[in-house]
Every structure is written in C-alpha cells, then in structure tokens.
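Undergrad: Below: one structure in structure tokens.
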Amino acid sequence: MPSSKSPKDFFRPLAVGAPTPPTEIPARPSRAIHFFDPSNEKMAAKIPQMVGSVDVLLGNLEDAVKADNKEAAREGLVTIASETDGLGGPDAKTQLWTRVNSLDSPWALDDLTRLVPAIGHKLDVIMVPKVQGAEDIHYVDRLLAQLEAKAGLDRPILVHAILETARGVANVEEICGASPRMQGLSLGPADLAADRRMKTTRVGGGHPGYLVRQDPVAEQPDAHRAIFQQDLWHYTIARMVDACATHGIYPYYGPFGDIADVVACEDQFRNAFLLGCVGTWSLHPKQIAIANKVFSPSVEDITHARRVVAAMGDGTGAVMLDGKMEDDASLKQCLVMVELAEQLAAIDPELKKQYDAISIDSEAN
C-alpha cells in the first residue's frame with residue numbers, strides 16, 4: 001500500500017458504483033489450474049465435461065495463443081463462459097479464471113474491456129502476467145473497478161500475478177499488498193529464467209547441472225562420490241510463499257513443461273506443496289490427476305493431524321503421542337491440514353469418503 005494512502009481508504013471501491021473490495025480472500029480449493037486455449041475448438045469442446053473434475057479452468061489468452069488468434073480466443077472464452085453450466089461464480093465447484101495478455105501488449109486493454117462486461121459475473125480471477133511492481137496491479141485494480149461499476153457487478157473480480165521477471169521477484173512484497181483484490185501469485189519459471197539469464201531451457205523442474213557432490217574420502221580420492229540434484233526454484237518459491245502468507249493470499253507453483261515426465265512432475269509439485277503452495281498449473285489433463293493427488297493431504301497425514309487436535313484439548317501445554325512431543329506449534333500445523341481436508345471434502349466426493357473413514361477409525365482407536 002502506498003504511504004500516501006490512508007489505511008481506511010484501502011477497502012473503499014476505486015470507482016463509484018463498484019463492488020466493495022474484499023477484506024479477506026476466500027480459501028477456495030485450487031489444486032490444479034488447468035489451462036486451455038479458447039480458440040482451439042477441440043479443447044473448447046472438452047470444457048463442459050471437465051466441470052466438477054478440476055478445481056480451476058483457465059482460459060488462456062496470452063503466450064500460448066498466436067497473435068492472429070487473440071481475438072478468437074477472447075471471443076471463445078466469452079462463449080464458453082456463457083454456455084457452460086457450473087463454471088465460474090462463488091458457488092461453482094469449478095472456478096473460471098483467465099490469463100490476459102501482458103500489460104505492455106496491444107491486447108490487454110481489449111481483454112479486460114471485453115471480458116468484464118460480458119462474463120464478469122462468472123469470472124473469479126484474472127491472472128496478470130509479467131507483473132513488475134505494484135504499479136501494474138494499481139492499473140488493473142482501478143480499471144476493473146470502473147468496468148465492474150459500468151457492468152453492475154455485485155462482487156469484485158480477484159487478481160492473480162505471475163512472477164516472471166527479476167524485478168517482479170524483487171518487488172514481491174509490494175505486489176502482494178498492492179490491492180485488496182490480490183488472490184495470489186504463481187511462479188513463471190521460463191520467462192523468469194530468461195530475464196535472470198539463467199542457463200536453463202527447461203520449463204520448471206530441476207536441472208542435472210545444478211547439484212551438490214559428496215565430499216571426497218581422503219583414503220580413496222578416486223572413489224565414487226554421490227551427487228544430489230538441487231532445485232533451481234527453491235529460493236523463489238520460498239520467498240513467494242512468505243510474501244503471500246504475510247498478506248493473506250495464496251502461492252502457486254506454475255507450469256511443469258515436460259508432460260511425459262510424470263514422476264519428476266509429481267516430485268516438483270510435492271516440493272511446492274510442502275513449502276506452502278496451495279496448487280499448481282496443469283498444461284495437460286494427465287497433470288490434473290497429479291495435482292489433485294499431491295495438493296490433497298494424505299489419509300495418513302489427516303489421521304495424524306486429527307489425533308493431535310483431539311489430544312491437545314484446549315491447545316495449551318504439550319502431550320506425547322507415539323513417542324513424539326506435540327505442542328501448540330504442532331497443533332497449528334495440524335489445523336492447517338485439517339482445514340484443508342474439510343475444504344477439499346466439500347467438493348471432492350472421493351476424498352470425503354476417505355477423510356470420513358479416518359474420523360470413524362480414529363474414534364474407534
């Protein structure tokens with residue numbers, strides 16, 4: 001928030017007649033944000049069947065759409081949103097997001113002025129690429145307020161920023177706090193790698209050259225030394241998670257480009273989940289299942305978490321459970337898992353059955 005702006009004005013609408021900005025971002029499940037090209041008829045035809053099986057469907061208007069298809073993609077998204085039941089809106093099981101074109105492109109303004117009046121009542125989140133600083137969010141914030149007021153919308157559309165530049169990462173704190181609309185951040189590894197001049201051509205994931213090596217043994221200098229591949233993105237994800245947690249918004253891993261390598265994909269998603277991310281992007285339907293699995297707490301984790309919650313009572317003091325000390329900090333960790341399980345059970349019948357069975361078993365023991 002700029003120092004010249006009074007805190008009491010932060011949650012006032014930026015346009016007369018616009019909906020009141022949110023004071024808290026709802027924790028809606030968004031394990032997989034599945035990208036699709038609205039100008040691709042084959043992809044568009046599959047969208048109605050995907051509603052209910054994926055947490056977020058995102059109509060992509062940016063990089064993966066060729067320049068001469070930009071308008072077709074925009075109009076395709078309007079058609080899909082208008083004609084697909086159960087997609088988008090506060091009560092829908094599947095959220096509707098879009099990634100608009102970058103703010104320095106000739107298409108971004110038209111993306112916003114076309115989409116908000118036409119389907120703003122169904123659009124949950126607008127993802128803004130290549131965000132450099134708070135000024136980018138301020139621009140989108142004011143424009144959305146004006147468009148919402150003109151369209152007569154009764155709820156604000158949220159904003160999600162992609163970290164794709166070194167400057168964006170350097171300014172991550174101010175980006176998170178730039179607007180009450182801020183829903184979260186995603187890592188954009190490919191553009192970020194290019195902007196940083198990193199020496200990798202991979203889209204997310206590790207790199208075999210980025211490693212640590214076991215120390216040599218003095219008596220056997222030529223003996224085999226184990227090597228361990230490291231994560232190029234650990235620093236950035238951790239910094240993003242901290243900034244999001246500070247401002248009450250949500251961090252996401254971005255794309256994993258090697259569609260065929262489902263093992264490494266799952267590893268990368270799990271690393272992000274353990275660090276605090278709530279979801280990831282899906283570039284292919286097979287990645288949806290991976291994301292849903294990884295970003296849903298396991299039966300074992302929820303069993304343990306519920307046992308800790310039951311054992312801690314009022315949350316003070318400490319208890320011994322299976323030979324391990326559990327205290328107030330343990331309880332807070334477990335409550336995060338239990339709350340997430342409850343949110344996911346509300347939209348995922350299979351998970352609900354698994355988590356409900358835990359409750360029965362736990363009480364029986």
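All residue names refer to the structure tokens as shown: chains lettered A, B, ... in order, residues numbered from 1 in each chain, ligands numbered from 1 in order.
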DSSP on the backbone: which residues in segment 135-273 of chain A end up as strand (DSSP E)? Give the answer as a list of chain:residue names.
TA: A:Leu158, A:Val159, A:His160, A:Ala161, A:Ile162, A:Leu163, A:Met182, A:Gln183, A:Gly184, A:Leu185, A:Ser186, A:Leu187, A:Leu211, A:Val212, A:Arg213, A:Ile227, A:Phe228, A:Gln229, A:Tyr250, A:Pro251, A:Tyr252
Undergrad: Determine, using only C-alpha atoms, which residues of segment 76-175 of chain A have any atom at most 9 Å from an atom of segment 45-57 of chain A, and tabulate each with its shortest atom pair and distance in Å to one decimal place, rows ordered by chain and then rising number, as CSV.
TA:
residue,atom,partner,partner_atom,distance
A:Ile80,CA,A:Ile47,CA,7.9
A:Glu83,CA,A:Pro48,CA,8.9
A:Thr84,CA,A:Pro48,CA,5.9
A:Asp85,CA,A:Pro48,CA,7.6
A:Gly86,CA,A:Val51,CA,6.7
A:Leu87,CA,A:Val51,CA,6.4
A:Gly88,CA,A:Val56,CA,8.7
A:Ala92,CA,A:Gly52,CA,8.5
A:Lys93,CA,A:Gly52,CA,5.7
A:Thr94,CA,A:Asp55,CA,4.8
A:Gln95,CA,A:Val56,CA,4.6
A:Leu96,CA,A:Leu57,CA,5.3
A:Trp97,CA,A:Leu57,CA,6.2
A:Thr98,CA,A:Leu57,CA,8.2
Undergrad: Which neighbours of Pro255 of chain A fall inside 12 Å, counting only C-alpha atoms, when residues of the same chain fewer than 5 positions from it are skipped, and could you give them as a ChimeraX atom specification?
TA: /A:32-35,162,164,186-191,202-205,265-266,268-269,272,279-284,287-288,291
Undergrad: Distance atom CA of Val263 of chain A-atom CA of Thr236 of chain A, one decimal place?
TA: 22.1 Å
Undergrad: If we count only C-alpha atoms and set the cut-off at 12 Å, which residues sit around Glu342 of chain A, ignoring sequence neighbours fewer than 6 positions away in its own chain? Please answer as a PyMOL selection string.
TA: chain A and resi 27-29+296-297+302+306+335-336+348-349+351-356+359
Undergrad: Do you know which residues are at most 9 Å from Met127 of chain A counting only C-alpha atoms, after dropping those on the same chain fewer than 3 positions away, and could you put them as a list in words?
TA: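 Near Met127 of chain A, the qualifying residues are Leu58, Trp97, Thr98, Arg99, Val100, Leu158, Val159, His160, Ala161, Ile162 and Leu185 of chain A.
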Undergrad: Calculate how many Å separate atom CA of Arg74 of chain A from atom CA of Asp154 of chain A, rounding to one decimal.
TA: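 Computed distance, atom CA of Arg74 of chain A to atom CA of Asp154 of chain A, equals 23.0 Å.
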Undergrad: Compare A:Gly76, A:Gly17, A:Gly323, A:Pro90 by their minimum atom-to-atom distance to Asn40 of chain A, counting only C-alpha atoms, and give me the closest one.
TA: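 Nearest candidate to Asn40 of chain A out of A:Gly76, A:Gly17, A:Gly323, A:Pro90: A:Gly76.
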Undergrad: Using only C-alpha atoms, pick whichever of A:Glu62, A:Asp104, A:Asp258, A:Glu148 has the shortest atom-to-atom distance to Asp136 of chain A.
TA: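 Checking each candidate against Asp136 of chain A, we get A:Asp104 as the closest.
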